[in-house]
$ cat target-v6.txt   # compact mmCIF, C-alpha atoms and all ligand atoms
# COMPACT_ATOMS: atom_id res chain seq x y z
CA MET W 2 -74.61 -45.61 -54.20
CA ASN W 3 -76.00 -42.56 -55.95
CA SER W 4 -75.60 -39.88 -53.30
CA THR W 5 -74.35 -36.32 -53.41
CA LEU W 6 -72.80 -34.29 -50.62
CA GLU W 7 -73.37 -30.91 -49.07
CA ILE W 8 -71.37 -29.02 -46.49
CA GLN W 9 -73.15 -28.98 -43.15
CA GLN W 10 -70.42 -27.07 -41.35
CA ARG W 11 -67.08 -25.48 -42.23
CA ASN W 12 -64.64 -24.25 -39.60
CA ILE W 13 -61.59 -22.23 -40.58
CA LEU W 14 -58.83 -22.50 -37.99
CA LYS W 15 -56.12 -19.93 -37.27
CA ASP W 16 -53.35 -22.25 -38.52
CA GLY W 17 -54.86 -22.39 -42.00
CA ASN W 18 -56.52 -25.78 -41.56
CA GLU W 19 -60.21 -26.14 -42.38
CA LYS W 20 -62.58 -28.70 -40.87
CA TYR W 21 -65.63 -29.87 -42.77
CA LEU W 22 -68.74 -31.75 -41.77
CA PHE W 23 -70.33 -33.30 -44.85
CA LYS W 24 -73.89 -34.52 -45.06
CA THR W 25 -74.91 -37.10 -47.66
CA SER W 26 -78.19 -36.88 -49.55
CA SER W 27 -79.02 -40.41 -48.38
CA GLY W 28 -78.45 -39.57 -44.70
CA GLY W 29 -75.39 -39.74 -42.49
CA SER W 30 -72.61 -37.27 -41.97
CA PHE W 31 -68.85 -37.47 -41.67
CA GLU W 32 -65.78 -35.26 -41.58
CA GLY W 33 -63.02 -34.15 -43.89
CA THR W 34 -60.10 -31.79 -43.32
CA SER W 35 -58.27 -29.38 -45.56
CA LEU W 36 -54.80 -29.21 -44.07
CA PHE W 37 -52.20 -26.52 -44.56
CA VAL W 38 -48.75 -28.06 -44.14
CA SER W 39 -46.16 -25.35 -44.81
CA GLU W 40 -43.28 -27.88 -45.13
CA LEU W 41 -44.98 -29.63 -48.05
CA LYS W 42 -45.18 -28.54 -51.64
CA PRO W 43 -48.00 -28.24 -52.56
CA SER W 44 -48.88 -27.29 -48.99
CA ARG W 45 -52.64 -27.86 -49.18
CA VAL W 46 -53.70 -31.44 -48.39
CA PHE W 47 -57.31 -32.56 -48.65
CA CYS W 48 -57.70 -35.31 -46.10
CA ILE W 49 -60.78 -37.33 -47.04
CA SER W 50 -62.87 -40.05 -45.43
CA THR W 51 -63.60 -43.40 -47.06
CA GLN W 52 -66.33 -44.66 -44.72
CA ILE W 53 -69.07 -43.27 -42.47
CA GLY W 54 -67.80 -44.59 -39.16
CA CYS W 55 -65.10 -47.24 -38.88
CA ASN W 56 -65.41 -50.83 -37.70
CA VAL W 57 -61.72 -51.45 -37.03
CA GLY W 58 -62.14 -50.13 -33.49
CA CYS W 59 -58.71 -48.73 -32.63
CA ILE W 60 -59.32 -47.61 -29.09
CA PHE W 61 -57.04 -44.55 -29.39
CA CYS W 62 -59.01 -43.15 -32.37
CA ALA W 63 -62.06 -40.87 -32.14
CA SER W 64 -63.51 -42.47 -35.30
CA SER W 65 -63.89 -45.77 -33.48
CA GLN W 66 -66.41 -44.10 -31.14
CA THR W 67 -68.82 -43.55 -34.03
CA LYS W 68 -70.93 -46.42 -35.29
CA PHE W 69 -70.03 -47.80 -38.71
CA ILE W 70 -72.83 -46.86 -41.10
CA ARG W 71 -71.57 -47.64 -44.58
CA ASN W 72 -68.81 -47.32 -47.15
CA LEU W 73 -68.59 -44.08 -49.11
CA SER W 74 -68.93 -44.42 -52.86
CA ALA W 75 -66.20 -43.39 -55.28
CA GLU W 76 -68.34 -40.41 -56.33
CA GLU W 77 -68.79 -39.28 -52.73
CA MET W 78 -65.00 -39.27 -52.25
CA LEU W 79 -64.70 -37.18 -55.41
CA PHE W 80 -67.32 -34.76 -54.03
CA GLU W 81 -65.30 -34.36 -50.82
CA VAL W 82 -62.32 -33.06 -52.76
CA ASP W 83 -64.52 -31.05 -55.11
CA LEU W 84 -66.18 -29.22 -52.22
CA MET W 85 -62.97 -28.50 -50.31
CA GLN W 86 -61.19 -27.40 -53.49
CA SER W 87 -64.02 -24.96 -54.30
CA PHE W 88 -62.77 -22.72 -51.46
CA GLN W 89 -59.23 -22.55 -52.86
CA ASP W 90 -57.77 -20.71 -55.81
CA TYR W 91 -58.86 -22.86 -58.76
CA GLN W 92 -55.28 -22.95 -60.11
CA ALA W 93 -53.69 -23.87 -56.78
CA LEU W 94 -51.97 -27.25 -56.57
CA PHE W 95 -52.83 -29.71 -53.81
CA ARG W 96 -52.49 -33.25 -52.51
CA VAL W 97 -55.15 -35.76 -51.51
CA ALA W 98 -54.73 -38.04 -48.49
CA PHE W 99 -57.11 -40.95 -47.86
CA MET W 100 -56.65 -40.76 -44.11
CA GLY W 101 -59.90 -39.40 -42.72
CA ILE W 102 -62.60 -41.59 -41.17
CA GLY W 103 -62.48 -45.25 -42.18
CA GLU W 104 -59.95 -47.86 -43.22
CA PRO W 105 -59.52 -47.32 -46.99
CA PHE W 106 -58.73 -50.97 -47.70
CA ASN W 107 -62.02 -52.05 -46.11
CA ASN W 108 -63.67 -50.13 -48.96
CA TYR W 109 -61.20 -51.24 -51.58
CA ASP W 110 -63.18 -51.12 -54.84
CA ASN W 111 -64.54 -47.63 -54.14
CA LEU W 112 -61.07 -46.44 -53.14
CA ILE W 113 -59.63 -47.52 -56.49
CA GLY W 114 -62.68 -46.08 -58.27
CA ALA W 115 -62.25 -42.75 -56.49
CA MET W 116 -58.60 -42.62 -57.39
CA GLY W 117 -59.50 -43.04 -61.05
CA LEU W 118 -62.17 -40.31 -60.88
CA LEU W 119 -59.88 -37.91 -59.01
CA ARG W 120 -56.89 -38.45 -61.28
CA ASN W 121 -59.11 -37.72 -64.25
CA ARG W 122 -60.86 -34.67 -62.76
CA PHE W 123 -57.81 -33.06 -61.16
CA LYS W 124 -55.03 -34.17 -63.49
CA ASP W 125 -53.62 -30.62 -63.68
CA SER W 126 -53.91 -29.70 -60.01
CA CYS W 127 -53.46 -32.75 -57.77
CA ARG W 128 -49.80 -33.69 -57.38
CA ARG W 129 -49.97 -36.61 -54.97
CA TYR W 130 -52.39 -39.24 -53.61
CA SER W 131 -51.57 -40.93 -50.30
CA VAL W 132 -53.46 -43.87 -48.88
CA SER W 133 -53.04 -44.51 -45.17
CA THR W 134 -53.81 -48.01 -43.92
CA ILE W 135 -53.42 -50.01 -40.75
CA GLY W 136 -52.46 -52.94 -43.01
CA VAL W 137 -55.31 -55.12 -44.27
CA PRO W 138 -54.06 -58.62 -45.20
CA GLY W 139 -53.92 -59.16 -48.97
CA ALA W 140 -54.91 -55.62 -49.88
CA ILE W 141 -51.39 -54.17 -49.99
CA THR W 142 -50.27 -56.52 -52.77
CA ARG W 143 -53.49 -55.93 -54.65
CA PHE W 144 -53.06 -52.18 -54.30
CA ALA W 145 -49.46 -52.33 -55.53
CA LEU W 146 -50.65 -54.15 -58.67
CA ASP W 147 -53.70 -51.93 -59.27
CA THR W 148 -51.66 -48.71 -59.01
CA LYS W 149 -48.43 -49.87 -60.63
CA ASN W 150 -48.85 -47.37 -63.47
CA TYR W 151 -49.59 -44.43 -61.16
CA ASP W 152 -46.43 -42.49 -60.29
CA ASP W 153 -48.37 -40.06 -58.07
CA VAL W 154 -49.63 -42.61 -55.51
CA ASN W 155 -48.09 -43.33 -52.09
CA LEU W 156 -49.01 -45.94 -49.51
CA ARG W 157 -48.54 -45.11 -45.83
CA LEU W 158 -48.61 -47.95 -43.36
CA SER W 159 -49.68 -46.94 -39.85
CA LEU W 160 -47.96 -49.61 -37.84
CA HIS W 161 -49.52 -48.95 -34.46
CA PHE W 162 -48.25 -52.08 -32.70
CA VAL W 163 -45.31 -54.39 -33.26
CA ASN W 164 -47.11 -57.69 -32.74
CA ASP W 165 -50.53 -59.31 -33.26
CA LYS W 166 -51.12 -59.74 -29.53
CA LYS W 167 -51.09 -55.99 -28.90
CA SER W 168 -52.96 -55.23 -32.11
CA ASN W 169 -55.74 -57.58 -31.05
CA ILE W 170 -56.03 -55.81 -27.71
CA PHE W 171 -56.07 -52.26 -29.02
CA MET W 172 -57.67 -52.75 -32.45
CA LYS W 173 -60.80 -54.72 -31.74
CA GLY W 174 -62.67 -54.60 -34.99
CA THR W 175 -62.69 -55.84 -38.56
CA MET W 176 -59.72 -55.77 -40.91
CA GLY W 177 -60.61 -56.84 -44.41
S1 LIG Y 201 -58.62 -47.87 -38.85
FE1 LIG Y 201 -58.09 -45.67 -38.80
S2 LIG Y 201 -60.08 -44.58 -38.75
FE2 LIG Y 201 -60.51 -46.72 -38.24
S3 LIG Y 201 -60.51 -46.77 -35.96
FE3 LIG Y 201 -58.40 -47.32 -36.66
S4 LIG Y 201 -57.21 -45.40 -36.73
FE4 LIG Y 201 -59.43 -44.86 -36.62

$ encode --input "target-v6.txt" --output "structure tokens" --more "lines below"
Ligand code: SF4
Amino acid sequence: MNSTLEIQQRNILKDGNEKYLFKTSSGGSFEGTSLFVSELKPSRVFCISTQIGCNVGCIFCASSQTKFIRNLSAEEMLFEVDLMQSFQDYQALFRVAFMGIGEPFNNYDNLIGAMGLLRNRFKDSCRRYSVSTIGVPGAITRFALDTKNYDDVNLRLSLHFVNDKKSNIFMKGTMG
């Protein structure tokens, strides 16, 4: 997917967080958030989306209300960080969290591609990459192998429910 991004809307909140609405050159829009978390060092976290819409369908999540359109490309994920970082001091350190719209492991190849592009582009300024997943079967092992040489990558498992019965009730969509 050869698509660039532009910022359709940027809202700066009183607490230091910034909300972005991105528009792709091929159509479709989605959100990203630049978080300010004072307890963290570095305290700026760029929270990026991996898909336009999400087909997992967790009923407690606003993203499940939007129709799944498509996966974001690795380049589009890079652009998200690029655009949010352009409003910060260019020497400031930051983190990247793949926890915006979409299940990252349902767009696995582009996720890994984006991580490679980001680690190359921001090797002096990004201190940590976190991937947040609801737990897609098979993908966690694959991810552990694919990132085994990256000491700046974390995996966060959002374990919403303790058994499959409840997960199937409250998460109605596609995993993997
Ligand atoms: S997988 Fe994540 S983004 Fe998708 S509906 Fe569930 S909580 Fe929302």

$ closest_atom_pairs --input "target-v6.txt" --of "chain W" --to "ligand LIG 201 (chain Y)" --cutoff "8 Å" --atoms "all atoms listed in the file" --output "tab-separated table"
residue	atom	partner	partner_atom	distance
W:Gly54	CA	Y:LIG201	FE2	7.7
W:Cys55	CA	Y:LIG201	FE2	4.7
W:Asn56	CA	Y:LIG201	FE2	6.4
W:Val57	CA	Y:LIG201	S3	5.0
W:Gly58	CA	Y:LIG201	S3	4.5
W:Cys59	CA	Y:LIG201	S3	4.3
W:Ile60	CA	Y:LIG201	S3	7.0
W:Phe61	CA	Y:LIG201	S4	7.4
W:Cys62	CA	Y:LIG201	FE4	4.6
W:Ala63	CA	Y:LIG201	FE4	6.6
W:Ser64	CA	Y:LIG201	FE4	4.9
W:Ser65	CA	Y:LIG201	S3	4.3
W:Met100	CA	Y:LIG201	FE1	7.4
W:Gly101	CA	Y:LIG201	S2	6.5
W:Ile102	CA	Y:LIG201	S2	4.6
W:Gly103	CA	Y:LIG201	S2	4.2
W:Glu104	CA	Y:LIG201	S1	4.6
W:Thr134	CA	Y:LIG201	S1	7.0
W:Ile135	CA	Y:LIG201	S1	5.9
W:Met172	CA	Y:LIG201	FE3	6.9

$ residues_around --input "target-v6.txt" --residues "Asp147 (chain W)" --least-positions-apart "5" --cutoff "10 Å" --atoms "all atoms listed in the file" --output "mmCIF file with C-alpha atoms, in the frame of the given file"
data_model
loop_
_atom_site.group_PDB
_atom_site.id
_atom_site.type_symbol
_atom_site.label_atom_id
_atom_site.label_comp_id
_atom_site.auth_asym_id
_atom_site.auth_seq_id
_atom_site.Cartn_x
_atom_site.Cartn_y
_atom_site.Cartn_z
ATOM 1 C CA ILE W 113 -59.630 -47.520 -56.490
ATOM 2 C CA ILE W 141 -51.390 -54.170 -49.990
ATOM 3 C CA THR W 142 -50.270 -56.520 -52.770
#

$ atom_distance --input "target-v6.txt" --atom1 "CA of Thr51 (chain W)" --atom2 "CA of Asp110 (chain W)"
11.0 Å

$ closest_residue --input "target-v6.txt" --among "W:Leu146, W:Gly29, W:Val82, W:Phe37" --to "Phe69 (chain W)" --atoms "all atoms listed in the file"
W:Gly29

$ residues_near_point --input "target-v6.txt" --point "(-69.4, -27.0, -47.0)" --cutoff "10 Å" --atoms "all atoms listed in the file" --output "ChimeraX atom specification"
/W:6-12,20-24,81,84-85,87-88

$ residues_around --input "target-v6.txt" --residues "region 122-124 of chain W" --least-positions-apart "6" --cutoff "10 Å" --atoms "all atoms listed in the file" --output "ChimeraX atom specification"
/W:79,82-83,94-95,116

$ closest_residue --input "target-v6.txt" --among "W:Ala98, W:Leu73, W:Ile53, W:Ala140" --to "Thr34 (chain W)" --atoms "all atoms listed in the file"
W:Ala98

$ atom_distance --input "target-v6.txt" --atom1 "CA of Glu77 (chain W)" --atom2 "CA of Thr148 (chain W)"
20.5 Å

$ atom_distance --input "target-v6.txt" --atom1 "CA of Thr5 (chain W)" --atom2 "CA of Thr25 (chain W)"
5.8 Å

$ axis_aligned_box --input "target-v6.txt" --around "region 8-14 of chain W" --padding-each-side "6 Å" --output "JSON"
{"center_x": -66.0, "center_y": -25.6, "center_z": -42.2, "size_x": 26.3, "size_y": 18.8, "size_z": 20.5}

$ closest_residue --input "target-v6.txt" --among "W:Gln92, W:Asn111, W:Ser44, W:Gln86" --to "Arg129 (chain W)" --atoms "all atoms listed in the file"
W:Ser44

$ closest_residue --input "target-v6.txt" --among "W:Pro43, W:Phe106, W:Arg157, W:Leu14" --to "Pro138 (chain W)" --atoms "only C-alpha atoms"
W:Phe106
